[in-house]
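For reference, target_34.cif is printed below; it contains mmCIF, C-alpha atoms.
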data_upload
loop_
_atom_site.group_PDB
_atom_site.id
_atom_site.type_symbol
_atom_site.label_atom_id
_atom_site.label_comp_id
_atom_site.auth_asym_id
_atom_site.auth_seq_id
_atom_site.Cartn_x
_atom_site.Cartn_y
_atom_site.Cartn_z
ATOM 1 C CA MET A 15 -275.793 -89.673 -44.763
ATOM 2 C CA THR A 16 -272.447 -89.701 -43.038
ATOM 3 C CA VAL A 17 -270.001 -87.123 -41.728
ATOM 4 C CA GLY A 18 -267.080 -86.018 -43.868
ATOM 5 C CA VAL A 19 -263.601 -85.078 -42.692
ATOM 6 C CA ILE A 20 -261.755 -82.840 -45.148
ATOM 7 C CA SER A 21 -258.005 -82.418 -44.979
ATOM 8 C CA HIS A 22 -254.856 -82.364 -47.075
ATOM 9 C CA HIS A 23 -251.339 -83.560 -46.341
ATOM 10 C CA HIS A 24 -249.855 -80.327 -47.671
ATOM 11 C CA CYS A 25 -251.341 -78.454 -44.700
ATOM 12 C CA LEU A 26 -248.590 -80.178 -42.696
ATOM 13 C CA THR A 27 -245.897 -78.286 -44.584
ATOM 14 C CA HIS A 28 -246.766 -74.858 -43.133
ATOM 15 C CA ASP A 29 -244.228 -74.651 -40.285
ATOM 16 C CA MET A 30 -243.655 -71.420 -38.365
ATOM 17 C CA GLY A 31 -240.735 -72.724 -36.326
ATOM 18 C CA GLU A 32 -239.681 -75.363 -33.838
ATOM 19 C CA HIS A 33 -241.288 -73.780 -30.777
ATOM 20 C CA HIS A 34 -244.399 -72.324 -32.387
ATOM 21 C CA PRO A 35 -247.586 -73.808 -30.861
ATOM 22 C CA GLU A 36 -249.480 -73.834 -34.181
ATOM 23 C CA ALA A 37 -247.429 -76.784 -35.379
ATOM 24 C CA PRO A 38 -247.860 -79.438 -38.089
ATOM 25 C CA GLU A 39 -248.127 -82.117 -35.403
ATOM 26 C CA ARG A 40 -251.633 -80.844 -34.608
ATOM 27 C CA MET A 41 -253.068 -82.422 -37.750
ATOM 28 C CA ALA A 42 -251.193 -85.663 -37.149
ATOM 29 C CA ALA A 43 -252.608 -85.823 -33.609
ATOM 30 C CA ILE A 44 -256.161 -85.640 -34.956
ATOM 31 C CA GLN A 45 -255.552 -88.265 -37.634
ATOM 32 C CA ASP A 46 -253.913 -90.603 -35.092
ATOM 33 C CA GLN A 47 -256.930 -90.351 -32.796
ATOM 34 C CA LEU A 48 -259.337 -90.905 -35.690
ATOM 35 C CA ILE A 49 -257.558 -94.171 -36.445
ATOM 36 C CA ARG A 50 -257.312 -95.178 -32.782
ATOM 37 C CA SER A 51 -261.022 -94.533 -32.262
ATOM 38 C CA GLY A 52 -262.041 -96.495 -35.346
ATOM 39 C CA LEU A 53 -263.813 -93.456 -36.772
ATOM 40 C CA ASP A 54 -261.735 -93.606 -39.927
ATOM 41 C CA TYR A 55 -263.966 -96.536 -40.926
ATOM 42 C CA VAL A 56 -267.156 -94.593 -40.215
ATOM 43 C CA ILE A 57 -266.506 -91.170 -41.720
ATOM 44 C CA ARG A 58 -265.816 -90.257 -45.314
ATOM 45 C CA GLN A 59 -262.455 -88.604 -45.864
ATOM 46 C CA PHE A 60 -261.895 -86.023 -48.592
ATOM 47 C CA ASN A 61 -258.842 -84.228 -49.902
ATOM 48 C CA ALA A 62 -259.244 -80.453 -49.874
ATOM 49 C CA LYS A 63 -258.784 -78.460 -53.040
ATOM 50 C CA PRO A 64 -257.230 -74.981 -53.047
ATOM 51 C CA ILE A 65 -259.787 -72.204 -53.050
ATOM 52 C CA ASP A 66 -260.026 -69.861 -56.020
ATOM 53 C CA LYS A 67 -258.371 -66.563 -55.203
ATOM 54 C CA GLU A 68 -261.497 -64.596 -56.145
ATOM 55 C CA LEU A 69 -263.515 -66.329 -53.424
ATOM 56 C CA LEU A 70 -261.199 -64.877 -50.776
ATOM 57 C CA TYR A 71 -262.654 -61.475 -51.654
ATOM 58 C CA LEU A 72 -266.003 -62.600 -50.229
ATOM 59 C CA ALA A 73 -264.588 -61.966 -46.749
ATOM 60 C CA HIS A 74 -261.366 -60.001 -47.256
ATOM 61 C CA ASP A 75 -260.194 -56.719 -48.696
ATOM 62 C CA LYS A 76 -258.712 -57.240 -52.144
ATOM 63 C CA ASN A 77 -255.628 -55.193 -51.289
ATOM 64 C CA TYR A 78 -254.967 -57.394 -48.253
ATOM 65 C CA ILE A 79 -255.246 -60.564 -50.323
ATOM 66 C CA GLU A 80 -252.939 -59.130 -52.978
ATOM 67 C CA SER A 81 -250.386 -58.271 -50.282
ATOM 68 C CA ILE A 82 -250.428 -61.838 -48.956
ATOM 69 C CA PHE A 83 -249.824 -63.219 -52.448
ATOM 70 C CA ALA A 84 -247.168 -60.607 -53.209
ATOM 71 C CA ASN A 85 -245.255 -61.230 -49.972
ATOM 72 C CA ALA A 86 -245.449 -65.019 -49.979
ATOM 73 C CA PRO A 87 -241.754 -65.956 -49.778
ATOM 74 C CA SER A 88 -240.027 -68.363 -52.131
ATOM 75 C CA GLU A 89 -237.398 -68.770 -49.418
ATOM 76 C CA GLY A 90 -237.050 -67.555 -45.859
ATOM 77 C CA THR A 91 -240.012 -66.055 -44.021
ATOM 78 C CA TYR A 92 -242.393 -63.100 -44.052
ATOM 79 C CA ASN A 93 -244.031 -61.924 -40.833
ATOM 80 C CA VAL A 94 -247.668 -60.858 -40.999
ATOM 81 C CA ASP A 95 -247.304 -60.173 -37.278
ATOM 82 C CA ASP A 96 -244.980 -61.473 -34.564
ATOM 83 C CA ASP A 97 -246.895 -64.761 -34.265
ATOM 84 C CA THR A 98 -248.121 -65.165 -37.857
ATOM 85 C CA ILE A 99 -245.294 -66.175 -40.155
ATOM 86 C CA MET A 100 -245.339 -67.105 -43.824
ATOM 87 C CA THR A 101 -242.878 -69.656 -45.188
ATOM 88 C CA PRO A 102 -242.590 -70.912 -48.770
ATOM 89 C CA ASP A 103 -245.340 -73.483 -48.058
ATOM 90 C CA THR A 104 -247.751 -71.244 -46.172
ATOM 91 C CA LEU A 105 -249.759 -69.773 -49.036
ATOM 92 C CA SER A 106 -250.589 -73.133 -50.576
ATOM 93 C CA ALA A 107 -251.552 -74.537 -47.156
ATOM 94 C CA ALA A 108 -253.749 -71.510 -46.438
ATOM 95 C CA LEU A 109 -255.486 -71.848 -49.809
ATOM 96 C CA LEU A 110 -256.174 -75.513 -49.039
ATOM 97 C CA SER A 111 -257.470 -74.664 -45.575
ATOM 98 C CA ALA A 112 -259.916 -72.121 -46.970
ATOM 99 C CA GLY A 113 -260.699 -74.496 -49.822
ATOM 100 C CA ALA A 114 -261.632 -77.264 -47.389
ATOM 101 C CA ALA A 115 -264.275 -75.050 -45.787
ATOM 102 C CA LYS A 116 -265.677 -74.103 -49.201
ATOM 103 C CA ASP A 117 -265.657 -77.759 -50.280
ATOM 104 C CA ALA A 118 -267.498 -78.649 -47.072
ATOM 105 C CA VAL A 119 -270.283 -76.234 -47.989
ATOM 106 C CA ASP A 120 -270.688 -77.834 -51.403
ATOM 107 C CA LEU A 121 -270.682 -81.374 -49.983
ATOM 108 C CA VAL A 122 -273.214 -80.548 -47.286
ATOM 109 C CA MET A 123 -275.501 -78.508 -49.524
ATOM 110 C CA SER A 124 -275.504 -81.248 -52.184
ATOM 111 C CA LYS A 125 -276.399 -83.768 -49.434
ATOM 112 C CA GLU A 126 -273.394 -85.921 -50.276
ATOM 113 C CA ILE A 127 -272.624 -85.774 -46.547
ATOM 114 C CA SER A 128 -274.704 -84.562 -43.617
ATOM 115 C CA SER A 129 -272.006 -82.451 -41.974
ATOM 116 C CA ALA A 130 -268.273 -81.890 -42.193
ATOM 117 C CA PHE A 131 -265.189 -81.285 -40.088
ATOM 118 C CA CYS A 132 -262.240 -79.560 -41.759
ATOM 119 C CA ALA A 133 -259.036 -80.873 -40.183
ATOM 120 C CA THR A 134 -256.766 -78.303 -41.777
ATOM 121 C CA ARG A 135 -254.341 -75.556 -40.882
ATOM 122 C CA PRO A 136 -253.498 -72.703 -40.745
ATOM 123 C CA PRO A 137 -256.562 -71.648 -38.729
ATOM 124 C CA GLY A 138 -258.557 -68.548 -39.600
ATOM 125 C CA HIS A 139 -260.845 -66.958 -37.000
ATOM 126 C CA HIS A 140 -258.462 -64.121 -36.024
ATOM 127 C CA ALA A 141 -258.005 -62.937 -39.629
ATOM 128 C CA GLU A 142 -259.946 -59.697 -40.080
ATOM 129 C CA TYR A 143 -261.256 -58.099 -43.252
ATOM 130 C CA ASN A 144 -257.937 -56.439 -44.053
ATOM 131 C CA LYS A 145 -255.477 -57.943 -41.580
ATOM 132 C CA GLY A 146 -254.009 -61.316 -40.662
ATOM 133 C CA MET A 147 -253.079 -62.020 -37.061
ATOM 134 C CA GLY A 148 -253.043 -64.660 -34.326
ATOM 135 C CA PHE A 149 -251.652 -67.501 -36.500
ATOM 136 C CA CYS A 150 -254.372 -66.769 -39.128
ATOM 137 C CA PHE A 151 -254.067 -65.564 -42.745
ATOM 138 C CA PHE A 152 -257.499 -66.180 -44.334
ATOM 139 C CA ASN A 153 -260.704 -66.432 -42.315
ATOM 140 C CA ASN A 154 -261.795 -69.881 -43.432
ATOM 141 C CA VAL A 155 -265.169 -69.861 -41.669
ATOM 142 C CA ALA A 156 -266.127 -66.347 -42.773
ATOM 143 C CA ILE A 157 -265.191 -67.106 -46.385
ATOM 144 C CA ALA A 158 -267.191 -70.327 -46.398
ATOM 145 C CA ALA A 159 -270.184 -68.657 -44.740
ATOM 146 C CA ALA A 160 -270.197 -65.866 -47.307
ATOM 147 C CA TYR A 161 -269.869 -68.454 -50.068
ATOM 148 C CA ALA A 162 -272.860 -70.380 -48.695
ATOM 149 C CA LYS A 163 -274.956 -67.217 -48.719
ATOM 150 C CA GLU A 164 -273.935 -66.236 -52.240
ATOM 151 C CA GLN A 165 -273.825 -69.624 -53.950
ATOM 152 C CA TYR A 166 -276.857 -71.197 -52.288
ATOM 153 C CA LYS A 167 -278.891 -68.070 -51.499
ATOM 154 C CA LEU A 168 -279.114 -68.878 -47.796
ATOM 155 C CA LYS A 169 -280.659 -66.066 -45.779
ATOM 156 C CA ARG A 170 -279.760 -67.083 -42.212
ATOM 157 C CA VAL A 171 -276.225 -68.292 -41.504
ATOM 158 C CA ALA A 172 -274.997 -68.934 -37.958
ATOM 159 C CA ILE A 173 -271.330 -69.049 -36.952
ATOM 160 C CA VAL A 174 -270.454 -70.319 -33.479
ATOM 161 C CA ASP A 175 -266.972 -70.231 -31.984
ATOM 162 C CA PHE A 176 -265.917 -72.145 -28.855
ATOM 163 C CA ASP A 177 -262.184 -71.512 -29.199
ATOM 164 C CA VAL A 178 -260.712 -70.116 -25.973
ATOM 165 C CA HIS A 179 -259.742 -66.970 -27.902
ATOM 166 C CA HIS A 180 -262.431 -64.714 -29.283
ATOM 167 C CA GLY A 181 -263.042 -64.941 -33.033
ATOM 168 C CA ASN A 182 -262.367 -61.257 -33.547
ATOM 169 C CA GLY A 183 -261.710 -61.685 -37.245
ATOM 170 C CA THR A 184 -265.052 -63.355 -37.863
ATOM 171 C CA GLU A 185 -266.899 -60.667 -35.918
ATOM 172 C CA ASN A 186 -265.006 -57.949 -37.800
ATOM 173 C CA ILE A 187 -266.033 -59.425 -41.157
ATOM 174 C CA ILE A 188 -269.718 -60.167 -40.532
ATOM 175 C CA LYS A 189 -270.825 -57.609 -37.932
ATOM 176 C CA ASN A 190 -272.376 -55.133 -40.383
ATOM 177 C CA LYS A 191 -273.772 -57.680 -42.834
ATOM 178 C CA LYS A 192 -277.310 -59.005 -42.952
ATOM 179 C CA GLY A 193 -278.251 -62.618 -42.437
ATOM 180 C CA TYR A 194 -275.620 -63.632 -39.884
ATOM 181 C CA LEU A 195 -275.617 -64.625 -36.229
ATOM 182 C CA PHE A 196 -272.227 -64.934 -34.523
ATOM 183 C CA CYS A 197 -271.896 -66.570 -31.100
ATOM 184 C CA SER A 198 -268.557 -66.787 -29.288
ATOM 185 C CA THR A 199 -267.388 -68.014 -25.899
ATOM 186 C CA TYR A 200 -263.837 -67.160 -24.856
ATOM 187 C CA GLN A 201 -261.588 -66.496 -21.897
ATOM 188 C CA TYR A 202 -261.528 -62.841 -20.889
ATOM 189 C CA PRO A 203 -259.375 -60.870 -20.420
ATOM 190 C CA PHE A 204 -257.253 -62.712 -22.947
ATOM 191 C CA TYR A 205 -255.968 -62.363 -26.505
ATOM 192 C CA PRO A 206 -257.124 -60.421 -28.541
ATOM 193 C CA PHE A 207 -258.127 -58.376 -25.444
ATOM 194 C CA GLU A 208 -260.330 -55.633 -26.933
ATOM 195 C CA ILE A 209 -263.508 -57.712 -27.295
ATOM 196 C CA LYS A 210 -266.606 -56.604 -25.387
ATOM 197 C CA GLU A 211 -269.456 -58.727 -24.071
ATOM 198 C CA SER A 212 -272.600 -58.573 -26.198
ATOM 199 C CA THR A 213 -276.028 -60.134 -25.782
ATOM 200 C CA THR A 214 -277.590 -58.386 -28.764
ATOM 201 C CA PRO A 215 -277.778 -60.219 -32.118
ATOM 202 C CA PRO A 216 -276.119 -60.503 -34.520
ATOM 203 C CA ILE A 217 -273.176 -60.642 -32.071
ATOM 204 C CA ILE A 218 -273.420 -62.837 -28.970
ATOM 205 C CA ASN A 219 -270.118 -62.530 -27.101
ATOM 206 C CA THR A 220 -269.985 -64.527 -23.879
ATOM 207 C CA PRO A 221 -266.758 -64.085 -21.893
ATOM 208 C CA LEU A 222 -265.602 -66.809 -19.516
ATOM 209 C CA ALA A 223 -263.436 -66.223 -16.463
ATOM 210 C CA ALA A 224 -260.016 -67.863 -16.373
ATOM 211 C CA THR A 225 -261.403 -70.043 -13.580
ATOM 212 C CA ALA A 226 -264.257 -71.335 -15.767
ATOM 213 C CA LYS A 227 -264.913 -75.068 -15.780
ATOM 214 C CA SER A 228 -267.363 -77.380 -17.533
ATOM 215 C CA ALA A 229 -270.456 -76.180 -15.671
ATOM 216 C CA ASP A 230 -269.661 -72.519 -16.401
ATOM 217 C CA PHE A 231 -269.133 -73.176 -20.098
ATOM 218 C CA ARG A 232 -272.300 -75.237 -20.451
ATOM 219 C CA GLN A 233 -274.411 -72.702 -18.593
ATOM 220 C CA ALA A 234 -273.082 -69.912 -20.821
ATOM 221 C CA ILE A 235 -274.162 -71.872 -23.901
ATOM 222 C CA LEU A 236 -277.587 -72.566 -22.427
ATOM 223 C CA ASP A 237 -278.108 -68.950 -21.366
ATOM 224 C CA THR A 238 -276.788 -67.087 -24.415
ATOM 225 C CA TRP A 239 -276.207 -69.200 -27.528
ATOM 226 C CA LEU A 240 -279.228 -71.465 -27.545
ATOM 227 C CA PRO A 241 -281.931 -68.809 -27.108
ATOM 228 C CA ALA A 242 -280.348 -66.671 -29.860
ATOM 229 C CA LEU A 243 -279.938 -69.619 -32.211
ATOM 230 C CA ASN A 244 -283.484 -70.841 -31.658
ATOM 231 C CA LYS A 245 -284.815 -67.388 -32.404
ATOM 232 C CA PHE A 246 -282.584 -67.003 -35.484
ATOM 233 C CA LYS A 247 -283.453 -70.430 -36.992
ATOM 234 C CA PRO A 248 -280.254 -70.854 -39.034
ATOM 235 C CA GLU A 249 -280.295 -72.573 -42.418
ATOM 236 C CA ILE A 250 -276.725 -73.771 -41.851
ATOM 237 C CA ILE A 251 -274.398 -73.720 -38.832
ATOM 238 C CA PHE A 252 -270.671 -73.078 -39.075
ATOM 239 C CA ILE A 253 -268.417 -73.950 -36.148
ATOM 240 C CA SER A 254 -265.028 -72.455 -35.377
ATOM 241 C CA ALA A 255 -263.851 -75.521 -33.471
ATOM 242 C CA GLY A 256 -261.008 -74.522 -31.199
ATOM 243 C CA PHE A 257 -260.015 -77.022 -28.509
ATOM 244 C CA ASP A 258 -257.582 -74.828 -26.575
ATOM 245 C CA ALA A 259 -259.933 -74.298 -23.610
ATOM 246 C CA HIS A 260 -259.105 -77.885 -22.600
ATOM 247 C CA ILE A 261 -257.708 -78.345 -19.091
ATOM 248 C CA GLU A 262 -254.591 -80.002 -20.551
ATOM 249 C CA ASP A 263 -253.848 -77.061 -22.861
ATOM 250 C CA ASP A 264 -251.309 -74.573 -21.518
ATOM 251 C CA MET A 265 -252.541 -71.904 -23.934
ATOM 252 C CA SER A 266 -255.299 -70.873 -21.509
ATOM 253 C CA GLN A 267 -256.599 -71.249 -17.982
ATOM 254 C CA VAL A 268 -260.170 -72.386 -18.776
ATOM 255 C CA SER A 269 -260.642 -76.028 -17.742
ATOM 256 C CA LEU A 270 -262.849 -77.894 -20.199
ATOM 257 C CA VAL A 271 -262.671 -81.650 -20.814
ATOM 258 C CA ASP A 272 -263.295 -83.883 -23.824
ATOM 259 C CA GLU A 273 -266.944 -84.394 -22.902
ATOM 260 C CA ASP A 274 -267.655 -80.662 -23.041
ATOM 261 C CA TYR A 275 -266.868 -80.630 -26.749
ATOM 262 C CA ARG A 276 -269.200 -83.565 -27.268
ATOM 263 C CA TRP A 277 -271.905 -81.792 -25.243
ATOM 264 C CA VAL A 278 -271.746 -78.507 -27.167
ATOM 265 C CA THR A 279 -271.685 -80.401 -30.474
ATOM 266 C CA ASP A 280 -274.804 -82.303 -29.393
ATOM 267 C CA GLN A 281 -276.572 -78.998 -28.698
ATOM 268 C CA LEU A 282 -275.621 -77.628 -32.106
ATOM 269 C CA LYS A 283 -276.570 -80.838 -33.924
ATOM 270 C CA THR A 284 -280.018 -80.717 -32.329
ATOM 271 C CA LEU A 285 -280.455 -77.169 -33.611
ATOM 272 C CA ALA A 286 -279.145 -78.055 -37.066
ATOM 273 C CA ASP A 287 -281.512 -81.012 -37.295
ATOM 274 C CA LYS A 288 -284.418 -78.763 -36.269
ATOM 275 C CA TYR A 289 -283.778 -75.762 -38.521
ATOM 276 C CA ALA A 290 -281.003 -76.515 -41.044
ATOM 277 C CA GLN A 291 -281.645 -80.022 -42.391
ATOM 278 C CA GLY A 292 -278.706 -81.128 -40.233
ATOM 279 C CA ARG A 293 -276.211 -78.970 -42.106
ATOM 280 C CA ILE A 294 -273.064 -78.225 -40.088
ATOM 281 C CA VAL A 295 -269.633 -77.178 -41.353
ATOM 282 C CA SER A 296 -266.969 -77.256 -38.640
ATOM 283 C CA VAL A 297 -263.463 -75.882 -39.119
ATOM 284 C CA LEU A 298 -260.447 -76.483 -36.890
ATOM 285 C CA GLU A 299 -259.120 -73.419 -35.090
ATOM 286 C CA GLY A 300 -256.971 -73.747 -31.930
ATOM 287 C CA GLY A 301 -255.916 -76.647 -29.733
ATOM 288 C CA TYR A 302 -252.256 -77.116 -28.842
ATOM 289 C CA ALA A 303 -252.058 -79.969 -26.318
ATOM 290 C CA LEU A 304 -251.731 -82.729 -28.866
ATOM 291 C CA ASN A 305 -253.338 -85.633 -27.015
ATOM 292 C CA ALA A 306 -256.214 -83.477 -25.784
ATOM 293 C CA LEU A 307 -256.657 -81.994 -29.249
ATOM 294 C CA GLY A 308 -256.966 -85.406 -30.872
ATOM 295 C CA ARG A 309 -259.382 -86.733 -28.265
ATOM 296 C CA SER A 310 -261.500 -83.570 -28.297
ATOM 297 C CA ALA A 311 -261.727 -83.581 -32.082
ATOM 298 C CA VAL A 312 -262.907 -87.209 -31.974
ATOM 299 C CA ALA A 313 -265.519 -86.281 -29.351
ATOM 300 C CA HIS A 314 -266.653 -83.437 -31.601
ATOM 301 C CA ILE A 315 -266.881 -85.669 -34.677
ATOM 302 C CA ASN A 316 -268.797 -88.282 -32.687
ATOM 303 C CA GLY A 317 -271.249 -85.518 -31.832
ATOM 304 C CA LEU A 318 -271.628 -84.634 -35.500
ATOM 305 C CA ILE A 319 -272.302 -88.285 -36.263
ATOM 306 C CA GLY A 320 -274.727 -88.579 -33.368
ATOM 307 C CA TYR A 321 -273.190 -91.660 -31.730
#

As structure tokens - that is how I would like this structure written.
Amino acid sequence: MTVGVISHHHCLTHDMGEHHPEAPERMAAIQDQLIRSGLDYVIRQFNAKPIDKELLYLAHDKNYIESIFANAPSEGTYNVDDDTIMTPDTLSAALLSAGAAKDAVDLVMSKEISSAFCATRPPGHHAEYNKGMGFCFFNNVAIAAAYAKEQYKLKRVAIVDFDVHHGNGTENIIKNKKGYLFCSTYQYPFYPFEIKESTTPPIINTPLAATAKSADFRQAILDTWLPALNKFKPEIIFISAGFDAHIEDDMSQVSLVDEDYRWVTDQLKTLADKYAQGRIVSVLEGGYALNALGRSAVAHINGLIGY
């Protein structure tokens, strides 16, 4: 089986302004690097479909979802918070982004593909049960994970997050639910600031200093994620794939390189092959230095393939 990349051109239309870092060019940067690397001939590419509204309730408060639909502008903008802005194209892009993650679950569980990377936007891991924030409206990973549990009766679902910002929304949604393990590395202190270190499942929060480099990141994974994941034995692994800890990315001070994303993907693929029949669903989160984002995403996809 091969790796699938799921996207949709309409995700480019969500545009929060000329100087906003979460820009449409992010998706183009990934696609350009896929072509340059030759991976577009190796992977299978799929168009996302918009998620059914009712599936959003798997991870979000119904009143919150209704408010997003009610306030979606037909012209102008609506601010969910200072950095999270809806335009007339945002709702449809967000439904496609969540839909890509749900589609990835179906494709992986049906064994049409071995694993998937969702190259979509807006991202999702900061969106909490009843609140959008941090560029995020719907928590794509949390929705897809809940869907996998409900639709396919999976009992052990792991979500790992190597974005430089903590996946506070994902933790908020899954922390009191059975059958989840959530592992997150992130720069601390850094947005969203209030997150505390945890070494006790189901929450493994591993803060990194602003001075952290490749060796620090890799040791944190070896010391905290891998023992917890091996003990948990996940039936599927979800990845919140943020590439904003890259040394070229001005969003943070952590100094990772392309090869670190390949390395962590290799570790997760080994675990997925051992416990989860190889099943991995990865969803794009951050990454704002366009060249580094494209290269890092290609390194990540190469890891999923196993090249």

TODO: Rank nothing, just name the residue among A:Pro87, A:Gly52, A:Pro248, A:Gly301 nearest to Leu285 in chain A, using only C-alpha atoms.
DONE: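 Among the listed residues, A:Pro248 lies closest to Leu285 in chain A.
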
Near-Gln281 in chain A list (10 Å; only C-alpha atoms; drop same-chain fewer than 3 positions) as an mmCIF file with C-alpha atoms, keeping the file's coordinate frame:
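around10.cif, written as the output of this step:
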data_model
loop_
_atom_site.group_PDB
_atom_site.id
_atom_site.type_symbol
_atom_site.label_atom_id
_atom_site.label_comp_id
_atom_site.auth_asym_id
_atom_site.auth_seq_id
_atom_site.Cartn_x
_atom_site.Cartn_y
_atom_site.Cartn_z
ATOM 1 C CA ILE A 235 -274.162 -71.872 -23.901
ATOM 2 C CA LEU A 236 -277.587 -72.566 -22.427
ATOM 3 C CA TRP A 239 -276.207 -69.200 -27.528
ATOM 4 C CA LEU A 240 -279.228 -71.465 -27.545
ATOM 5 C CA ARG A 276 -269.200 -83.565 -27.268
ATOM 6 C CA TRP A 277 -271.905 -81.792 -25.243
ATOM 7 C CA VAL A 278 -271.746 -78.507 -27.167
ATOM 8 C CA THR A 284 -280.018 -80.717 -32.329
ATOM 9 C CA LEU A 285 -280.455 -77.169 -33.611
ATOM 10 C CA ALA A 286 -279.145 -78.055 -37.066
ATOM 11 C CA GLY A 317 -271.249 -85.518 -31.832
#

- [ ] Quick one: apply the PyMOL selection byres ((chain A and resi 154-158) around 6) to the file and drop the selected residues here as an MDAnalysis selection string.
- [x] chainID A and resid 72:73 112 115:116 138 152:153 159:161 184

Mind giving me the axis-aligned box for range 85-104 of chain A with 8 Å on every side, centre plus edges in Å to one decimal, as AutoDock Vina command-line options?
--center_x -242.6 --center_y -66.8 --center_z -43.2 --size_x 27.1 --size_y 29.3 --size_z 33.9

- [ ] For the structure shown, which residues end up in the PyMOL selection byres ((chain A and resi 98) around 9)? Put them as an MDAnalysis selection string, please?
- [x] chainID A and resid 30 92:97 99:100 146:151

Open item on the list: Taking the file as I've supplied it (selection: the PyMOL selection byres ((chain A and resi 60) around 6)), which residues are included? Please answer as JSON, numbers by chain.
Closed with: {"A": [20, 59, 61]}

Task: Among listed residues A:Lys67, A:Lys163, A:Lys247, A:Lys191, nearest Ser106 in chain A (using all atoms listed in the file) - done: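 Closest to Ser106 in chain A, using all atoms listed in the file: A:Lys67.
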